[in-house]
>>> print(open('final_27.cif').read())   # mmCIF, C-alpha atoms and all ligand atoms; chains and numbers go by the auth columns
data_work
loop_
_atom_site.group_PDB
_atom_site.id
_atom_site.type_symbol
_atom_site.label_atom_id
_atom_site.label_comp_id
_atom_site.label_asym_id
_atom_site.label_seq_id
_atom_site.Cartn_x
_atom_site.Cartn_y
_atom_site.Cartn_z
_atom_site.B_iso_or_equiv
_atom_site.auth_seq_id
_atom_site.auth_asym_id
ATOM 1 C CA MET A 1 95.879 143.748 81.319 0.00 1 A
ATOM 2 C CA GLN A 2 97.093 140.224 81.902 0.00 2 A
ATOM 3 C CA ILE A 3 96.713 138.711 85.377 0.00 3 A
ATOM 4 C CA ILE A 4 98.370 135.530 86.641 0.00 4 A
ATOM 5 C CA LEU A 5 97.260 133.906 89.888 0.00 5 A
ATOM 6 C CA GLU A 6 99.410 131.110 91.204 0.00 6 A
ATOM 7 C CA GLN A 7 98.206 128.868 94.025 0.00 7 A
ATOM 8 C CA LEU A 8 96.469 131.843 95.616 0.00 8 A
ATOM 9 C CA GLY A 9 94.901 131.373 99.042 0.00 9 A
ATOM 10 C CA LYS A 10 93.299 133.506 101.748 0.00 10 A
ATOM 11 C CA ARG A 11 92.404 132.574 105.282 0.00 11 A
ATOM 12 C CA PHE A 12 90.980 134.444 108.249 0.00 12 A
ATOM 13 C CA ILE A 13 92.475 132.993 111.444 0.00 13 A
ATOM 14 C CA ARG A 14 92.042 129.253 110.805 0.00 14 A
ATOM 15 C CA GLU A 15 89.318 129.396 108.167 0.00 15 A
ATOM 16 C CA TRP A 16 90.460 129.071 104.550 0.00 16 A
ATOM 17 C CA ILE A 17 88.148 131.174 102.352 0.00 17 A
ATOM 18 C CA PHE A 18 89.797 129.875 99.166 0.00 18 A
ATOM 19 C CA ARG A 19 92.963 127.922 98.363 0.00 19 A
ATOM 20 C CA ARG A 20 95.049 126.700 95.429 0.00 20 A
ATOM 21 C CA LEU A 21 93.522 129.164 92.969 0.00 21 A
ATOM 22 C CA SER A 22 95.609 129.280 89.806 0.00 22 A
ATOM 23 C CA LEU A 23 94.299 131.232 86.844 0.00 23 A
ATOM 24 C CA GLU A 24 95.488 133.282 83.879 0.00 24 A
ATOM 25 C CA LEU A 25 93.498 136.165 82.471 0.00 25 A
ATOM 26 C CA ALA A 26 94.480 137.656 79.141 0.00 26 A
ATOM 27 C CA THR A 27 93.895 141.258 78.072 0.00 27 A
ATOM 28 C CA GLY A 28 90.187 141.706 77.317 0.00 28 A
ATOM 29 C CA ASP A 29 89.018 138.590 79.178 0.00 29 A
ATOM 30 C CA ARG A 30 85.675 138.714 80.965 0.00 30 A
ATOM 31 C CA LEU A 31 85.719 136.634 84.161 0.00 31 A
ATOM 32 C CA ALA A 32 82.821 135.944 86.519 0.00 32 A
ATOM 33 C CA ILE A 33 83.456 134.764 90.075 0.00 33 A
ATOM 34 C CA THR A 34 80.350 133.039 91.357 0.00 34 A
ATOM 35 C CA GLY A 35 79.275 131.417 94.620 0.00 35 A
ATOM 36 C CA PRO A 36 76.573 131.805 97.256 0.00 36 A
ATOM 37 C CA ASN A 37 76.522 134.487 99.974 0.00 37 A
ATOM 38 C CA GLY A 38 79.546 134.257 102.230 0.00 38 A
ATOM 39 C CA SER A 39 81.496 131.960 99.905 0.00 39 A
ATOM 40 C CA GLY A 40 84.406 134.389 99.426 0.00 40 A
ATOM 41 C CA LYS A 41 83.790 136.326 96.209 0.00 41 A
ATOM 42 C CA SER A 42 84.374 139.768 97.738 0.00 42 A
ATOM 43 C CA THR A 43 87.387 138.490 99.664 0.00 43 A
ATOM 44 C CA LEU A 44 88.944 137.278 96.416 0.00 44 A
ATOM 45 C CA LEU A 45 88.278 140.646 94.729 0.00 45 A
ATOM 46 C CA GLN A 46 89.907 142.464 97.633 0.00 46 A
ATOM 47 C CA VAL A 47 92.958 140.223 97.447 0.00 47 A
ATOM 48 C CA LEU A 48 93.077 140.796 93.677 0.00 48 A
ATOM 49 C CA THR A 49 93.080 144.578 94.107 0.00 49 A
ATOM 50 C CA GLY A 50 95.667 144.514 96.876 0.00 50 A
ATOM 51 C CA ALA A 51 93.188 145.826 99.471 0.00 51 A
ATOM 52 C CA MET A 52 93.866 142.623 101.465 0.00 52 A
ATOM 53 C CA PRO A 53 97.049 140.547 101.471 0.00 53 A
ATOM 54 C CA ALA A 54 96.958 136.933 100.247 0.00 54 A
ATOM 55 C CA SER A 55 97.802 134.271 102.831 0.00 55 A
ATOM 56 C CA GLU A 56 99.651 132.178 100.266 0.00 56 A
ATOM 57 C CA GLY A 57 100.454 132.154 96.565 0.00 57 A
ATOM 58 C CA LYS A 58 101.224 134.903 94.123 0.00 58 A
ATOM 59 C CA ILE A 59 99.482 137.500 91.898 0.00 59 A
ATOM 60 C CA GLN A 60 101.178 139.169 88.941 0.00 60 A
ATOM 61 C CA TYR A 61 99.813 141.921 86.698 0.00 61 A
ATOM 62 C CA PHE A 62 101.227 142.727 83.264 0.00 62 A
ATOM 63 C CA GLU A 63 100.650 145.509 80.744 0.00 63 A
ATOM 64 C CA GLY A 64 102.177 144.121 77.553 0.00 64 A
ATOM 65 C CA SER A 65 105.378 142.462 78.722 0.00 65 A
ATOM 66 C CA ASN A 66 105.882 144.847 81.668 0.00 66 A
ATOM 67 C CA GLU A 67 104.969 143.663 85.137 0.00 67 A
ATOM 68 C CA ILE A 68 103.063 146.316 87.123 0.00 68 A
ATOM 69 C CA PRO A 69 104.485 146.721 90.641 0.00 69 A
ATOM 70 C CA ALA A 70 101.875 145.977 93.325 0.00 70 A
ATOM 71 C CA ASP A 71 102.077 149.528 94.730 0.00 71 A
ATOM 72 C CA HIS A 72 101.283 151.070 91.309 0.00 72 A
ATOM 73 C CA PHE A 73 98.496 148.709 90.468 0.00 73 A
ATOM 74 C CA PHE A 74 95.647 150.635 92.141 0.00 74 A
ATOM 75 C CA ARG A 75 95.885 153.371 89.493 0.00 75 A
ATOM 76 C CA GLN A 76 95.193 150.782 86.794 0.00 76 A
ATOM 77 C CA VAL A 77 91.936 149.445 88.154 0.00 77 A
ATOM 78 C CA SER A 78 88.457 150.826 88.541 0.00 78 A
ATOM 79 C CA ILE A 79 86.264 149.125 91.139 0.00 79 A
ATOM 80 C CA ALA A 80 82.544 149.374 91.871 0.00 80 A
ATOM 81 C CA ALA A 81 81.654 147.511 95.054 0.00 81 A
ATOM 82 C CA PRO A 82 79.096 147.886 97.857 0.00 82 A
ATOM 83 C CA TYR A 83 81.825 148.260 100.530 0.00 83 A
ATOM 84 C CA LEU A 84 83.654 151.066 98.663 0.00 84 A
ATOM 85 C CA GLU A 85 82.075 154.322 99.723 0.00 85 A
ATOM 86 C CA LEU A 86 81.755 157.488 97.673 0.00 86 A
ATOM 87 C CA ILE A 87 82.839 160.722 99.369 0.00 87 A
ATOM 88 C CA GLU A 88 79.580 161.897 100.895 0.00 88 A
ATOM 89 C CA GLU A 89 80.733 165.483 101.570 0.00 89 A
ATOM 90 C CA PHE A 90 81.175 166.211 97.852 0.00 90 A
ATOM 91 C CA THR A 91 78.546 167.308 95.380 0.00 91 A
ATOM 92 C CA LEU A 92 78.265 165.130 92.297 0.00 92 A
ATOM 93 C CA THR A 93 80.282 167.590 90.200 0.00 93 A
ATOM 94 C CA GLU A 94 83.005 167.851 92.873 0.00 94 A
ATOM 95 C CA LEU A 95 83.212 164.079 93.206 0.00 95 A
ATOM 96 C CA VAL A 96 83.532 163.474 89.470 0.00 96 A
ATOM 97 C CA ASP A 97 86.135 166.281 89.113 0.00 97 A
ATOM 98 C CA PHE A 98 88.096 164.741 91.997 0.00 98 A
ATOM 99 C CA HIS A 99 87.882 161.241 90.497 0.00 99 A
ATOM 100 C CA GLN A 100 89.137 162.529 87.129 0.00 100 A
ATOM 101 C CA LYS A 101 92.305 163.970 88.751 0.00 101 A
ATOM 102 C CA PHE A 102 93.422 160.405 89.401 0.00 102 A
ATOM 103 C CA LYS A 103 91.523 158.414 86.797 0.00 103 A
ATOM 104 C CA PRO A 104 90.610 160.482 83.750 0.00 104 A
ATOM 105 C CA PHE A 105 87.769 159.242 81.571 0.00 105 A
ATOM 106 C CA LYS A 106 88.077 157.613 78.193 0.00 106 A
ATOM 107 C CA GLN A 107 88.033 159.928 75.160 0.00 107 A
ATOM 108 C CA ASN A 108 88.575 162.940 77.466 0.00 108 A
ATOM 109 C CA LEU A 109 84.917 162.871 78.451 0.00 109 A
ATOM 110 C CA SER A 110 84.312 165.994 80.549 0.00 110 A
ATOM 111 C CA THR A 111 82.651 165.975 83.975 0.00 111 A
ATOM 112 C CA PRO A 112 79.421 167.643 82.694 0.00 112 A
ATOM 113 C CA ALA A 113 79.267 165.224 79.720 0.00 113 A
ATOM 114 C CA PHE A 114 79.750 162.238 82.062 0.00 114 A
ATOM 115 C CA ILE A 115 76.971 163.492 84.358 0.00 115 A
ATOM 116 C CA GLU A 116 74.709 163.949 81.372 0.00 116 A
ATOM 117 C CA ARG A 117 75.428 160.417 80.105 0.00 117 A
ATOM 118 C CA LEU A 118 74.455 159.072 83.507 0.00 118 A
ATOM 119 C CA ASP A 119 71.232 161.046 83.275 0.00 119 A
ATOM 120 C CA LEU A 120 72.100 162.786 86.560 0.00 120 A
ATOM 121 C CA LYS A 121 72.229 166.379 85.311 0.00 121 A
ATOM 122 C CA ALA A 122 69.455 167.483 87.649 0.00 122 A
ATOM 123 C CA SER A 123 71.592 166.263 90.592 0.00 123 A
ATOM 124 C CA ARG A 124 74.913 167.791 89.553 0.00 124 A
ATOM 125 C CA ASP A 125 75.035 170.107 92.626 0.00 125 A
ATOM 126 C CA LYS A 126 73.460 167.638 95.032 0.00 126 A
ATOM 127 C CA PHE A 127 75.587 166.223 97.861 0.00 127 A
ATOM 128 C CA ILE A 128 76.409 162.522 97.475 0.00 128 A
ATOM 129 C CA ARG A 129 75.105 161.977 101.014 0.00 129 A
ATOM 130 C CA ASN A 130 71.636 162.854 99.676 0.00 130 A
ATOM 131 C CA PHE A 131 71.776 160.383 96.779 0.00 131 A
ATOM 132 C CA SER A 132 69.522 157.326 96.926 0.00 132 A
ATOM 133 C CA SER A 133 71.223 153.924 97.062 0.00 133 A
ATOM 134 C CA GLY A 134 70.294 153.286 93.411 0.00 134 A
ATOM 135 C CA MET A 135 71.739 156.659 92.318 0.00 135 A
ATOM 136 C CA LYS A 136 74.966 155.886 94.203 0.00 136 A
ATOM 137 C CA GLN A 137 75.212 152.488 92.536 0.00 137 A
ATOM 138 C CA ARG A 138 74.619 153.989 89.082 0.00 138 A
ATOM 139 C CA LEU A 139 77.355 156.552 89.811 0.00 139 A
ATOM 140 C CA LYS A 140 79.821 153.899 91.039 0.00 140 A
ATOM 141 C CA LEU A 141 79.197 151.829 87.916 0.00 141 A
ATOM 142 C CA GLY A 142 79.501 154.892 85.665 0.00 142 A
ATOM 143 C CA LEU A 143 82.882 155.794 87.195 0.00 143 A
ATOM 144 C CA ALA A 144 84.028 152.197 86.642 0.00 144 A
ATOM 145 C CA PHE A 145 82.752 152.029 83.048 0.00 145 A
ATOM 146 C CA TYR A 146 84.112 155.380 81.848 0.00 146 A
ATOM 147 C CA SER A 147 87.522 155.510 83.595 0.00 147 A
ATOM 148 C CA ASN A 148 90.425 154.965 81.254 0.00 148 A
ATOM 149 C CA VAL A 149 91.900 151.902 82.989 0.00 149 A
ATOM 150 C CA PRO A 150 92.908 148.447 81.741 0.00 150 A
ATOM 151 C CA LEU A 151 91.051 146.522 84.482 0.00 151 A
ATOM 152 C CA VAL A 152 87.443 146.936 85.656 0.00 152 A
ATOM 153 C CA ILE A 153 86.169 145.083 88.732 0.00 153 A
ATOM 154 C CA LEU A 154 82.479 144.949 89.652 0.00 154 A
ATOM 155 C CA ASP A 155 81.092 143.381 92.830 0.00 155 A
ATOM 156 C CA GLU A 156 77.336 142.667 92.801 0.00 156 A
ATOM 157 C CA PRO A 157 76.811 145.244 90.025 0.00 157 A
ATOM 158 C CA THR A 158 73.013 145.356 89.926 0.00 158 A
ATOM 159 C CA SER A 159 72.435 145.504 93.688 0.00 159 A
ATOM 160 C CA ASN A 160 70.089 148.419 94.466 0.00 160 A
ATOM 161 C CA LEU A 161 69.253 148.924 90.769 0.00 161 A
ATOM 162 C CA ASP A 162 65.697 148.992 89.479 0.00 162 A
ATOM 163 C CA THR A 163 64.748 147.428 86.135 0.00 163 A
ATOM 164 C CA ARG A 164 65.589 150.543 84.082 0.00 164 A
ATOM 165 C CA ASN A 165 69.010 150.875 85.730 0.00 165 A
ATOM 166 C CA SER A 166 69.689 147.135 85.404 0.00 166 A
ATOM 167 C CA ASP A 167 68.987 147.442 81.664 0.00 167 A
ATOM 168 C CA TRP A 168 71.415 150.372 81.555 0.00 168 A
ATOM 169 C CA TYR A 169 74.051 148.199 83.322 0.00 169 A
ATOM 170 C CA PHE A 170 73.679 145.408 80.728 0.00 170 A
ATOM 171 C CA GLU A 171 74.079 147.881 77.871 0.00 171 A
ATOM 172 C CA GLU A 172 77.078 149.699 79.356 0.00 172 A
ATOM 173 C CA VAL A 173 78.995 146.667 80.578 0.00 173 A
ATOM 174 C CA GLN A 174 78.973 145.204 77.104 0.00 174 A
ATOM 175 C CA LYS A 175 80.334 148.468 75.680 0.00 175 A
ATOM 176 C CA LEU A 176 83.607 148.198 77.617 0.00 176 A
ATOM 177 C CA ASP A 177 86.639 148.373 75.333 0.00 177 A
ATOM 178 C CA ALA A 178 87.789 145.053 73.892 0.00 178 A
ATOM 179 C CA ASP A 179 91.193 145.516 75.555 0.00 179 A
ATOM 180 C CA GLN A 180 89.779 146.167 79.023 0.00 180 A
ATOM 181 C CA THR A 181 89.836 143.143 81.313 0.00 181 A
ATOM 182 C CA LEU A 182 86.659 142.702 83.361 0.00 182 A
ATOM 183 C CA ILE A 183 86.072 140.747 86.579 0.00 183 A
ATOM 184 C CA ILE A 184 82.575 140.471 88.058 0.00 184 A
ATOM 185 C CA ALA A 185 81.681 138.862 91.400 0.00 185 A
ATOM 186 C CA SER A 186 78.065 137.812 91.425 0.00 186 A
ATOM 187 C CA ASN A 187 75.551 135.150 92.284 0.00 187 A
ATOM 188 C CA VAL A 188 73.017 136.523 89.791 0.00 188 A
ATOM 189 C CA PRO A 189 73.558 134.712 86.429 0.00 189 A
ATOM 190 C CA ALA A 190 71.956 137.539 84.426 0.00 190 A
ATOM 191 C CA GLU A 191 74.727 139.917 85.615 0.00 191 A
ATOM 192 C CA TYR A 192 77.503 137.879 84.044 0.00 192 A
ATOM 193 C CA GLN A 193 75.914 135.764 81.275 0.00 193 A
ATOM 194 C CA PHE A 194 78.209 137.341 78.662 0.00 194 A
ATOM 195 C CA CYS A 195 81.436 136.355 80.517 0.00 195 A
ATOM 196 C CA GLU A 196 83.379 133.685 78.685 0.00 196 A
ATOM 197 C CA LYS A 197 85.170 132.534 81.847 0.00 197 A
ATOM 198 C CA VAL A 198 83.284 131.583 85.005 0.00 198 A
ATOM 199 C CA ILE A 199 84.759 130.174 88.219 0.00 199 A
ATOM 200 C CA ASP A 200 82.869 128.988 91.282 0.00 200 A
ATOM 201 C CA ILE A 201 84.800 130.034 94.372 0.00 201 A
ATOM 202 C CA GLN A 202 83.477 126.949 96.181 0.00 202 A
ATOM 203 C CA ALA A 203 85.729 124.805 93.990 0.00 203 A
ATOM 204 C CA TYR A 204 88.748 126.320 95.775 0.00 204 A
ATOM 205 C CA LYS A 205 88.172 125.280 99.394 0.00 205 A
HETATM 206 N N1 LIG B . 87.869 140.648 107.807 0.00 301 B
HETATM 207 C C1 LIG B . 87.339 139.425 107.982 0.00 301 B
HETATM 208 N N2 LIG B . 87.638 138.682 109.074 0.00 301 B
HETATM 209 C C2 LIG B . 87.126 137.445 109.256 0.00 301 B
HETATM 210 N N3 LIG B . 86.301 136.848 108.366 0.00 301 B
HETATM 211 C C3 LIG B . 85.971 137.531 107.259 0.00 301 B
HETATM 212 C C4 LIG B . 86.466 138.856 107.013 0.00 301 B
HETATM 213 N N4 LIG B . 85.959 139.282 105.813 0.00 301 B
HETATM 214 C C5 LIG B . 85.187 138.275 105.359 0.00 301 B
HETATM 215 N N5 LIG B . 85.197 137.229 106.214 0.00 301 B
HETATM 216 C C6 LIG B . 84.498 135.942 106.034 0.00 301 B
HETATM 217 O O1 LIG B . 84.886 135.397 104.791 0.00 301 B
HETATM 218 C C7 LIG B . 83.790 134.674 104.207 0.00 301 B
HETATM 219 C C8 LIG B . 83.575 135.152 102.799 0.00 301 B
HETATM 220 O O2 LIG B . 83.011 136.478 102.810 0.00 301 B
HETATM 221 P P1 LIG B . 82.826 137.330 101.466 0.00 301 B
HETATM 222 O O3 LIG B . 82.296 138.663 101.855 0.00 301 B
HETATM 223 O O4 LIG B . 84.082 137.280 100.688 0.00 301 B
HETATM 224 O O5 LIG B . 81.703 136.460 100.729 0.00 301 B
HETATM 225 P P2 LIG B . 80.874 136.783 99.411 0.00 301 B
HETATM 226 O O6 LIG B . 80.910 135.526 98.575 0.00 301 B
HETATM 227 O O7 LIG B . 81.361 138.032 98.765 0.00 301 B
HETATM 228 O O8 LIG B . 79.418 136.982 100.017 0.00 301 B
HETATM 229 P P3 LIG B . 78.141 137.864 99.510 0.00 301 B
HETATM 230 O O9 LIG B . 77.603 137.176 98.279 0.00 301 B
HETATM 231 O O10 LIG B . 77.206 137.739 100.682 0.00 301 B
HETATM 232 O O11 LIG B . 78.619 139.269 99.272 0.00 301 B
HETATM 233 C C9 LIG B . 82.597 134.865 105.153 0.00 301 B
HETATM 234 O O12 LIG B . 82.510 133.735 105.998 0.00 301 B
HETATM 235 C C10 LIG B . 82.986 136.101 105.944 0.00 301 B
HETATM 236 O O13 LIG B . 82.419 136.084 107.220 0.00 301 B
#
>>> encode(input="final_27.cif", output="structure tokens", more="lines below")
Ligand SMILES: Nc1ncnc2c1ncn2[C@@H]1O[C@H](COP(=O)(O)OP(=O)(O)OP(=O)(O)O)[C@@H](O)[C@H]1O
Amino acid sequence: MQIILEQLGKRFIREWIFRRLSLELATGDRLAITGPNGSGKSTLLQVLTGAMPASEGKIQYFEGSNEIPADHFFRQVSIAAPYLELIEEFTLTELVDFHQKFKPFKQNLSTPAFIERLDLKASRDKFIRNFSSGMKQRLKLGLAFYSNVPLVILDEPTSNLDTRNSDWYFEEVQKLDADQTLIIASNVPAEYQFCEKVIDIQAYK
């Protein structure tokens, strides 16, 4: 997926969080958005996904030469972020089945095979509400990594992960398909050291 940002800006009341952000991402690009706590990384991601409107400027998404209309875009992106909740009333199997109705996995990976790959087989009938924060984060990342979408967005990907799960993140994130575009918001350099493009949100004030 190709993404073009033109003079993008977002403000809350009178405070500009970022301004004059122009950027082009080509299919398969890996972009990191960095900056300290409260600098606006998550706000930018939410504007990028259409969850929040921009205050000025323009965003365009293209698949090949076709522009994707803003109201169709959400089907094309997989997001793992701390503020996006999983459905707590579902068991793991129910949640993954539900997810696959809208965003099937790559290579027709089945729900049981996905759960096995995440090493969560013992929890397949457990309610999401009873998952630990690390298990939830692993699940969110797994859904993002395995969904068959052209754009993957990760916000603070290793938050709540222990060393073993962080290692798993580094392995999996680098296995994304070459034609999947990846955007990571982070202030932990190890999370995004493989990204060839890095922007500091503080440069756009
Ligand atoms: N809905 C909102 N209304 C008003 N201000 C907001 C709103 N959402 C975020 N902000 C403000 O925007 C600024 C940027 O917040 P944001 O969450 O984007 O930062 P961040 O870089 O992702 O931080 P962190 O690293 O702590 O997750 C903060 O000052 C925050 O208080």
>>> resolve_selection(input="final_27.cif", expression="the PyMOL selection byres (((not hetatm)) within 7 of (chain B and resi 301))", output="list in words")
Phe12, Ile17, Gly35, Pro36, Asn37, Gly38, Ser39, Gly40, Lys41, Ser42, Thr43, Leu44, Ser186 and Asn187 of chain A
>>> residues_near_point(input="final_27.cif", point="(102.4, 145.5, 83.9)", cutoff="12 Å", atoms="only C-alpha atoms", output="number ranges by chain")
A: 1-4, 27, 59-77, 150-151
>>> write_last_selection(input="final_27.cif", atoms="C-alpha atoms", output="mmCIF file, in the coordinates of the input")
data_model
loop_
_atom_site.group_PDB
_atom_site.id
_atom_site.type_symbol
_atom_site.label_atom_id
_atom_site.label_comp_id
_atom_site.auth_asym_id
_atom_site.auth_seq_id
_atom_site.Cartn_x
_atom_site.Cartn_y
_atom_site.Cartn_z
ATOM 1 C CA MET A 1 95.879 143.748 81.319
ATOM 2 C CA GLN A 2 97.093 140.224 81.902
ATOM 3 C CA ILE A 3 96.713 138.711 85.377
ATOM 4 C CA ILE A 4 98.370 135.530 86.641
ATOM 5 C CA THR A 27 93.895 141.258 78.072
ATOM 6 C CA ILE A 59 99.482 137.500 91.898
ATOM 7 C CA GLN A 60 101.178 139.169 88.941
ATOM 8 C CA TYR A 61 99.813 141.921 86.698
ATOM 9 C CA PHE A 62 101.227 142.727 83.264
ATOM 10 C CA GLU A 63 100.650 145.509 80.744
ATOM 11 C CA GLY A 64 102.177 144.121 77.553
ATOM 12 C CA SER A 65 105.378 142.462 78.722
ATOM 13 C CA ASN A 66 105.882 144.847 81.668
ATOM 14 C CA GLU A 67 104.969 143.663 85.137
ATOM 15 C CA ILE A 68 103.063 146.316 87.123
ATOM 16 C CA PRO A 69 104.485 146.721 90.641
ATOM 17 C CA ALA A 70 101.875 145.977 93.325
ATOM 18 C CA ASP A 71 102.077 149.528 94.730
ATOM 19 C CA HIS A 72 101.283 151.070 91.309
ATOM 20 C CA PHE A 73 98.496 148.709 90.468
ATOM 21 C CA PHE A 74 95.647 150.635 92.141
ATOM 22 C CA ARG A 75 95.885 153.371 89.493
ATOM 23 C CA GLN A 76 95.193 150.782 86.794
ATOM 24 C CA VAL A 77 91.936 149.445 88.154
ATOM 25 C CA PRO A 150 92.908 148.447 81.741
ATOM 26 C CA LEU A 151 91.051 146.522 84.482
#
>>> axis_aligned_box(input="final_27.cif", around="segment 123-140 of chain A", padding_each_side="5 Å", output="AutoDock Vina command-line options")
--center_x 74.7 --center_y 161.3 --center_z 95.0 --size_x 20.3 --size_y 27.6 --size_z 21.9
>>> atom_distance(input="final_27.cif", atom1="atom CA of Tyr146 of chain A", atom2="atom CA of Gln107 of chain A")
9.0 Å
>>> closest_residue(input="final_27.cif", among="A:Ser159, A:Ser133, A:Ser123, A:Ser110", to="Leu86 of chain A", atoms="all atoms listed in the file")
A:Ser133
>>> resolve_selection(input="final_27.cif", expression="the PyMOL selection byres (((chain A and resi 99) around 12) and not hetatm)", output="PyMOL selection string")
chain A and resi 75+78+86-87+90+92-98+100-105+110-111+114+139-140+142-144+146-148
>>> atom_distance(input="final_27.cif", atom1="atom CA of Lys205 of chain A", atom2="atom CA of Phe18 of chain A")
4.9 Å
>>> atom_distance(input="final_27.cif", atom1="atom CA of Gln46 of chain A", atom2="atom CA of Asp167 of chain A")
26.8 Å
>>> closest_residue(input="final_27.cif", among="A:Ile33, A:Ala122, A:Ile153, A:Leu161", to="Gln180 of chain A", atoms="only C-alpha atoms")
A:Ile153
>>> closest_residue(input="final_27.cif", among="A:Ser55, A:Asn108, A:Thr34, A:Asn130", to="Glu89 of chain A", atoms="only C-alpha atoms")
A:Asn130
>>> residues_around(input="final_27.cif", residues="Ala81 of chain A", least_positions_apart="6", cutoff="8 Å", atoms="all atoms listed in the file", output="ChimeraX atom specification")
/A:140,154-157
>>> build_atoms(input="final_27.cif", residues="segment 89-107 of chain A", atoms="N, CA and C atoms", output="PDB file, in the frame of the given file")
ATOM      1  N   GLU A  89      80.688 164.019 101.374  1.00  0.00           N
ATOM      2  CA  GLU A  89      80.733 165.483 101.570  1.00  0.00           C
ATOM      3  C   GLU A  89      80.808 166.244 100.247  1.00  0.00           C
ATOM      4  N   PHE A  90      81.063 165.549  99.155  1.00  0.00           N
ATOM      5  CA  PHE A  90      81.175 166.211  97.852  1.00  0.00           C
ATOM      6  C   PHE A  90      79.821 166.304  97.168  1.00  0.00           C
ATOM      7  N   THR A  91      79.669 167.323  96.326  1.00  0.00           N
ATOM      8  CA  THR A  91      78.546 167.308  95.380  1.00  0.00           C
ATOM      9  C   THR A  91      78.943 166.359  94.245  1.00  0.00           C
ATOM     10  N   LEU A  92      77.964 166.027  93.412  1.00  0.00           N
ATOM     11  CA  LEU A  92      78.265 165.130  92.297  1.00  0.00           C
ATOM     12  C   LEU A  92      79.380 165.703  91.418  1.00  0.00           C
ATOM     13  N   THR A  93      79.270 166.984  91.072  1.00  0.00           N
ATOM     14  CA  THR A  93      80.282 167.590  90.200  1.00  0.00           C
ATOM     15  C   THR A  93      81.659 167.558  90.867  1.00  0.00           C
ATOM     16  N   GLU A  94      81.715 167.875  92.163  1.00  0.00           N
ATOM     17  CA  GLU A  94      83.005 167.851  92.873  1.00  0.00           C
ATOM     18  C   GLU A  94      83.593 166.440  92.891  1.00  0.00           C
ATOM     19  N   LEU A  95      82.727 165.462  93.128  1.00  0.00           N
ATOM     20  CA  LEU A  95      83.212 164.079  93.206  1.00  0.00           C
ATOM     21  C   LEU A  95      83.786 163.620  91.869  1.00  0.00           C
ATOM     22  N   VAL A  96      83.076 163.936  90.786  1.00  0.00           N
ATOM     23  CA  VAL A  96      83.532 163.474  89.470  1.00  0.00           C
ATOM     24  C   VAL A  96      84.822 164.206  89.081  1.00  0.00           C
ATOM     25  N   ASP A  97      84.896 165.524  89.371  1.00  0.00           N
ATOM     26  CA  ASP A  97      86.135 166.281  89.113  1.00  0.00           C
ATOM     27  C   ASP A  97      87.305 165.665  89.878  1.00  0.00           C
ATOM     28  N   PHE A  98      87.054 165.322  91.147  1.00  0.00           N
ATOM     29  CA  PHE A  98      88.096 164.741  91.997  1.00  0.00           C
ATOM     30  C   PHE A  98      88.545 163.392  91.428  1.00  0.00           C
ATOM     31  N   HIS A  99      87.581 162.562  91.071  1.00  0.00           N
ATOM     32  CA  HIS A  99      87.882 161.241  90.497  1.00  0.00           C
ATOM     33  C   HIS A  99      88.773 161.376  89.255  1.00  0.00           C
ATOM     34  N   GLN A 100      88.421 162.364  88.409  1.00  0.00           N
ATOM     35  CA  GLN A 100      89.137 162.529  87.129  1.00  0.00           C
ATOM     36  C   GLN A 100      90.591 162.974  87.329  1.00  0.00           C
ATOM     37  N   LYS A 101      90.906 163.573  88.508  1.00  0.00           N
ATOM     38  CA  LYS A 101      92.305 163.970  88.751  1.00  0.00           C
ATOM     39  C   LYS A 101      93.194 162.741  88.797  1.00  0.00           C
ATOM     40  N   PHE A 102      92.629 161.623  89.252  1.00  0.00           N
ATOM     41  CA  PHE A 102      93.422 160.405  89.401  1.00  0.00           C
ATOM     42  C   PHE A 102      93.157 159.414  88.281  1.00  0.00           C
ATOM     43  N   LYS A 103      91.901 159.361  87.860  1.00  0.00           N
ATOM     44  CA  LYS A 103      91.523 158.414  86.797  1.00  0.00           C
ATOM     45  C   LYS A 103      90.693 159.141  85.750  1.00  0.00           C
ATOM     46  N   PRO A 104      91.362 159.773  84.799  1.00  0.00           N
ATOM     47  CA  PRO A 104      90.610 160.482  83.750  1.00  0.00           C
ATOM     48  C   PRO A 104      89.726 159.517  82.959  1.00  0.00           C
ATOM     49  N   PHE A 105      88.683 160.066  82.351  1.00  0.00           N
ATOM     50  CA  PHE A 105      87.769 159.242  81.571  1.00  0.00           C
ATOM     51  C   PHE A 105      88.329 158.959  80.189  1.00  0.00           C
ATOM     52  N   LYS A 106      87.738 157.938  79.575  1.00  0.00           N
ATOM     53  CA  LYS A 106      88.077 157.613  78.193  1.00  0.00           C
ATOM     54  C   LYS A 106      87.658 158.770  77.289  1.00  0.00           C
ATOM     55  N   GLN A 107      88.336 158.919  76.190  1.00  0.00           N
ATOM     56  CA  GLN A 107      88.033 159.928  75.160  1.00  0.00           C
ATOM     57  C   GLN A 107      87.855 161.326  75.753  1.00  0.00           C
TER      58      GLN A 107
END
